[in-house]
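Participant: The following block contains the structure, expressed as C-alpha cells.
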Amino acid sequence: MIFPHRRPPGLLLRTVTVTFVSAAALLAVIFVAVMLSVSKQVRNTAQADLESSQRTFAAIQLREQRSMRLQATNVAESPTLKAAVDTYAAESRTSTAFVQAQLLNTIREELTKVADRVEADAIVVVDGARHTLAAAGPMAAAWPVGHSVPLVTDPQAVAADSIAHIGDVTFRVVAVPLMVSDGAAVGSLYLATSLDRRFAQELGEFAHTQIAVVTTGQVVASTMSPEGAREFEKTVPLLEANAGTLDLQGESNAYRRLFSVGDTAFYALTSIDDAARAAVRQTTSTLLLIAIGAIALALVASIWIAHRLSKPIKSLSCSLHRMATSRQFDAKLPLTGSSLELDTLTETFNALMASVAAAEAETQAAYTAAIRALATALDARDPYTAGHSERVSVLSVAIGRTLNLSEDDLEVVRLGALLHDIGKIGVPDDVLRKPGALTPSEYDTIKQHTVLGARILRTVPFLSRHVAIVELHHERPDGNGYPHGLVGDDIPLAARIVHVADAYDAMTNARAYRPGRPSHDALSELWNASGTEFHAEVVGALARALPVTTIIAPKEAVAEACVA
Amino acid sequence: MRGALTAAASFALVAALAGQTPDSGTIAGQVKLTSRVRGTPLPSNVYQPRSIANHDAIVIPEIKNVVVYLKGVKFKGALSPSRPEIRQEHESFVPRVVAVTKGSTIEFPNADPFFHNVFSLSSAATFDLGRYPMGREKSVTLNTPGLVKVYCHIHSQMSASILVLDHPYFAMPALDGTFTMPNVPAGTYTIVGWHERIGERVTTVQVTRGATSSVDIALPVEDFQ
C-alpha cells in the first residue's frame with residue numbers, strides 16, 4: 001500500500017520514545033554528577049588510606065624496632081661474645097695470629113648460632129672503631145672482616161636506627177653496644193636488614209600500596225616498575241610536603257612519606273587513577289542496573305498510559321467505523337469516561353452526528369415526498385384509482401400494527417405500500433385504463449409493473465428495503481402469483497400485507513367496468529381466496545383492523561400523507 | 001658522673017728511701033684522668049644493660065683501674081709472688097684491675113649469694129674455674145706475663161683485668177693519682193700509664209741514683225678513638 005503521506009507514529013511509540021529519551025537524559029545527568037563525586041571521593045580516600053597506612057606503619061615500625069633491639073640486646077648479652085670481643089681488643093697487638101683467629105672464630109660461632117633466629121639479613125659485631133670483627137646470616141658477605149662501615153643516623157631520631165651503605169646495598173641497621181664492667185662498651189652488635197625489592201614488597205603487601213625506599217636521592221628498593229621507580233627518583237627532590245599527589249607515567253598518584261631513617265626515606269604511593277577506575281567501574285555497573293530498571297519501569301508505565309489513552313480512542317474510532325458502514329448516524333457514541341478531552345470530543349462528535357442525521361432525515365423526507373408526489377401523479381392518471389396508493393398505505397400499516405410489526409417495519413410498509421404500483425408509470429394508458437377485459441399480452445404488460453417498480457426503487461439507496469414490497473406484492477401463497485411465482489413463506493410478510501390491502505381497496509372502490517363492492521363482500525371474497533391467493537393470517541388481521549380504517553376518509557389520508 | 005678526676009693536690013716527694021739499693025732511684029708522679037672514661041661511643045641511649053640496676057655495687061674510683069709500669073725492663077732477680085684477691089661481689093669483680101708479678105696466684109672468692117664463674121680467653125692464661133657458690137673460692141696462678149682478662153660466664157657484664165709483669169717495677173696510683181715506684185735502677189725507661197678501658201700513655205723517664213724522678217701522666221691519650 002502506498003501512503004501519500006508518511007503515517008504519523010502511534011501513540012504508544014510516541015509515549016515510549018518520550019519516556020525513554022527523558023529517562024536517558026536524566027540518567028546521563030545523574031551519571032555525570034555521580035562520576036564527578038566518585039572521582040573526588042576516590043582522591044580523598046586515597047589520601048586518607050595513605051594517612052592511616054602511615055599511622056599503622058609508624059606503630060608497626062616502632063614495634064618492629066623494639067623487637068629488633070630486644071633480639072640484638074639478647075644476643076649482645078652473650079658472655080662468650082663479650083669476653084671474646086674484649087679479649088680480642090685487649091690483645092690485638094700482642095697475641096699471635098692463631099689466637100686472634102680463635103677469638104674471631106669464637107665471635108662468629110656465637111653469631112652463627114643466633115643468625116637463624118633473628119629477623120635480620122646479617123648479624124655483625126664491630127669493635128670500638130667500628131671495624132667488622134665477624135658477621136653471620138644470609139648477607140654476611142657484605143660485611144667483610146676488618147672493614148669499617150659508617151652508619152648514617154638521623155640526629156633527631158631517638159631510635160637505635162641507622163643506615164649503612166655497602167657498595168650498592170643499603171642496610172637498615174639496629175645497633176646495640178656490647179657492654180662490660182659498669183657500662184663500658186667494648187664494641188657493637190648490628191642487626192642489618194637489606195633494603196631491597198623483597199623488603200619493599202613485604203611492606204607493600206602489608207600496606208596494599210606501592211613502596212619506594214629512597215636513599216640520598218636514589219630509589220634503592222621499590223615495588224614499582226623500573227621505569228616508574230626512575231621517574232619517581234626524578235620527582236623526589238621536588239617533593240615539598242610529606243604527602244600529596246604526583247604524576248607518574250601519566251597517572252595521578254597519592255604519595256606519603258611513611259618514615260625516615262638517617263638519609264633514607266620510605267614512601268608509600270597509591271594510584272588514584274587505578275582506584276578511580278575501580279570505583280567508576282563499580283558505580284557504572286550499579287548505575288547501569290538502576291538505569292535498566294528505571295527505563296523498564298518507565299516503558300511499562302508509558303505502555304500502560306498509552307494503552308489507557310489509545311484504547312478508548314480505538315473504541316471510539318471503531319464505533320465511528322461501524323456508524324459509517326451502517327449509516328446509522330443517529331446512534332450516539334458511548335462516552336468512554338477515560339479522559340475529559342476524549343469525552344468532550346465524543347460529545348462534540350455526537351452533536352455533529354445529530355445534525356448530520358437531521359440533514360440525512362431531511363434528505364430522505366425530500367426523497368420520499370418526491371416519490372410520493374410521483375405515486376400521487378400516477379394515481380391521478382385514472383380517476384378510479386385516485387387515492388388508491390394512500391389508502392393501501394394506511395390499510396397496510398393498520399394490518400401490520402395488528403400483526404405486531406415493529407415501528408421500523410411499519411415505516412417500511414407505509415412507504416412501500418405508498419409506492420407499490422410505481423411501476424405502472426411504464427404501463428401505457430390504453431392498457432391501464434382499458435374498461436374491458438384485457439388480452440393476455442396486455443395482462444403481461446400490466447404484470448410488468450412489479451419488476452419495473454423494483455428497478456426504479458433500486459436506484460435510490462435508502463429505498464432498498466422497500467423493493468421487496470413493490471416487486472412481490474402480486475405473489476400468491478399457492479405460487480400462482482407474479483412476477484416470480486414464489487410460494488408460501490418465501491414471500492415477505494410486508495409484500496403479503498400490501499397484497500391483501502391492495503386487493504381489498506381494489507374491490508371496495510368502483511372501477512370503470514364495475515361499481516365498488518361493500519366491505520363485508522370484499523372481506524368474504526378475501527376469506528374465500530385465503531390460503532390460495534391470500535395469506536390467511538393477513539386476511540384475519542385485515543378483518544380485525546378494518547373497523548378502525550374504514551372510518552378514515554380517503555381524502556383526509558391523502559392530505560395527511562402529503563404533509564408527512 | 002664518673003671520671004674527670006682532676007686531683008689538685010700537689011705531688012709529694014716521698015722520701016721513704018730506707019733500704020734503697022745504692023744504684024737505684026725512685027720514680028714518683030701523678031696520673032690525671034683528664035676526660036670522661038669511656039669505651040665505644042654508644043650509638044644510642046636505648047640500650048639498657050640488664051645489670052645496670054645494681055645499686056649495692058661498690059663504686060670503684062676510676063683511678064684504681066690504672067697501672068703504671070716500666071716497659072721493656074730485663075729483671076734478673078727473683079720475683080716475689082703475691083696472692084691478691086679479686087672478690088665477686090654485687091655482680092662485679094672487686095677490684096677490677098690488678099697488677100702482679102708472674103708466678104703470683106689470684107684468689108677469686110665468691111661473696112654473692114649465687115653462683116659465679118671465672119674464665120679467661122686471654123693468650124697469657126686461658127682458664128675456666130667453673131661455677132661455684134657463695135663462700136667458695138678458687139684461684140689461678142699466672143706464670144706468663146701479659147694481660148689476662150677474666151669474665152663471668154653467668155653475668156656477662158662482669159670483667160676484670162690482671163696485668164702480669166715479669167718485673168717488679170709497677171705501681172697502682174693512690175686515690176689522688178699519686179704513685180711511687182722505688183728501687184728502680186738508674187737509666188732511661190719507657191714508662192706506661194695504662195687504664196683498662198682508656199688505653200695507655202707512653203712516655204720516657206730518666207732515673208738517677210738516689211734521686212726521685214717525677215712523671216706526670218695524663219689519660220686519655222689523644223689518639224684514642
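Residues are named by chain letter and number: chains run A, B, ... in the order of the C-alpha cells, numbers start at 1 in each chain, and ligands are numbered from 1 in the order shown.
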Once DSSP has gone over the backbone, tell me which residues of stretch 5-218 of chain B are in strand (DSSP E or B), as a VMD selection string.

Facilitator: chain B and resid 24 to 33 66 to 71 85 87 to 89 92 to 94 97 to 101 104 to 110 116 to 120 127 to 132 137 to 142 146 to 151 159 to 165 170 to 171 178 to 185 187 to 195 199 to 207 212 to 218

Participant: Using only C-alpha atoms, select each residue of chain A with any atom at most 8 Å away from an atom of chain B, and give the selection as a compact mmCIF listing (two decimals) with N, CA and C atoms, in the first residue's frame.

Facilitator:
# COMPACT_ATOMS: atom_id res chain seq x y z
N THR A 73 69.76 -7.00 71.79
CA THR A 73 70.19 -6.89 73.17
C THR A 73 70.45 -8.27 73.78
N GLU A 77 74.09 -9.91 75.05
CA GLU A 77 74.34 -10.29 76.45
C GLU A 77 75.13 -11.60 76.57
N SER A 78 75.53 -12.12 75.43
CA SER A 78 76.29 -13.37 75.50
C SER A 78 77.65 -13.12 76.13
N PRO A 79 77.98 -13.77 77.28
CA PRO A 79 79.26 -13.54 77.94
C PRO A 79 80.43 -13.97 77.07
N THR A 80 80.21 -15.04 76.31
CA THR A 80 81.27 -15.52 75.44
C THR A 80 81.61 -14.45 74.40
N LYS A 82 81.02 -11.23 74.51
CA LYS A 82 81.66 -10.06 75.13
C LYS A 82 83.11 -10.37 75.47
N ALA A 83 83.32 -11.54 76.09
CA ALA A 83 84.68 -11.90 76.50
C ALA A 83 85.59 -11.97 75.29
N ALA A 84 85.07 -12.58 74.21
CA ALA A 84 85.90 -12.74 73.01
C ALA A 84 86.23 -11.38 72.41
N THR A 87 88.58 -9.46 74.83
CA THR A 87 89.91 -10.05 74.84
C THR A 87 90.63 -9.76 73.53
N ALA A 90 91.87 -6.32 73.60
CA ALA A 90 92.99 -6.14 74.51
C ALA A 90 94.28 -6.70 73.92
N GLU A 91 94.13 -7.75 73.10
CA GLU A 91 95.33 -8.44 72.64
C GLU A 91 95.62 -8.22 71.17
N SER A 95 98.93 -10.69 70.91
CA SER A 95 98.83 -12.15 70.79
C SER A 95 99.11 -12.59 69.35
N VAL A 99 95.90 -17.14 67.89
CA VAL A 99 94.99 -16.82 69.00
C VAL A 99 93.92 -15.84 68.52
N LEU A 103 89.87 -16.22 68.54
CA LEU A 103 88.92 -15.29 69.16
C LEU A 103 87.84 -14.87 68.16
N ASP A 127 84.13 -3.70 66.41
CA ASP A 127 84.88 -3.29 67.59
C ASP A 127 84.65 -1.81 67.86
N GLY A 128 85.44 -1.28 68.81
CA GLY A 128 85.24 0.12 69.21
C GLY A 128 85.44 1.08 68.06
N ALA A 129 86.26 0.72 67.08
CA ALA A 129 86.50 1.59 65.94
C ALA A 129 85.58 1.24 64.77
N VAL A 158 65.47 9.11 68.03
CA VAL A 158 65.87 8.57 69.32
C VAL A 158 66.13 7.08 69.20
N ALA A 159 65.61 6.49 68.12
CA ALA A 159 65.74 5.05 67.97
C ALA A 159 67.17 4.69 67.59
N ALA A 160 67.49 3.43 67.82
CA ALA A 160 68.83 2.95 67.53
C ALA A 160 68.94 2.60 66.06
N ALA A 175 71.64 -1.07 66.02
CA ALA A 175 72.94 -1.28 66.68
C ALA A 175 72.78 -1.21 68.19
N VAL A 176 73.36 -2.16 68.89
CA VAL A 176 73.39 -2.07 70.36
C VAL A 176 74.84 -2.29 70.81
N PRO A 177 75.24 -1.67 71.89
CA PRO A 177 76.63 -1.82 72.34
C PRO A 177 76.83 -3.12 73.11
N MET A 179 78.50 -4.34 76.26
CA MET A 179 78.97 -3.63 77.45
C MET A 179 79.53 -4.57 78.49
N VAL A 180 80.62 -4.14 79.08
CA VAL A 180 81.18 -4.86 80.23
C VAL A 180 81.47 -3.84 81.31
N SER A 181 81.67 -4.33 82.48
CA SER A 181 82.18 -3.53 83.60
C SER A 181 81.57 -2.15 83.71
N ASP A 182 80.43 -2.11 84.26
CA ASP A 182 79.89 -0.82 84.63
C ASP A 182 79.68 0.13 83.46
N GLY A 183 79.06 -0.39 82.40
CA GLY A 183 78.62 0.50 81.33
C GLY A 183 79.66 0.84 80.30
N ALA A 184 80.80 0.19 80.32
CA ALA A 184 81.79 0.46 79.29
C ALA A 184 81.53 -0.43 78.09
N ALA A 185 81.52 0.17 76.90
CA ALA A 185 81.22 -0.59 75.69
C ALA A 185 82.51 -1.06 75.06
N VAL A 186 82.54 -2.32 74.66
CA VAL A 186 83.74 -2.85 74.02
C VAL A 186 83.53 -3.00 72.51
N GLY A 187 82.31 -2.80 72.06
CA GLY A 187 82.02 -2.94 70.63
C GLY A 187 80.53 -2.83 70.43

Participant: So how many Å separate atom CA of A:Thr325 and atom CA of A:Val356, to one decimal?

Facilitator: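 These atoms are spaced 14.9 Å apart.
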
Participant: Could you pull the residues within 12 Å of stretch 25-38 of chain A, counting only C-alpha atoms, minus those fewer than 2 positions along the same chain, as a count of residues only?

Facilitator: 36
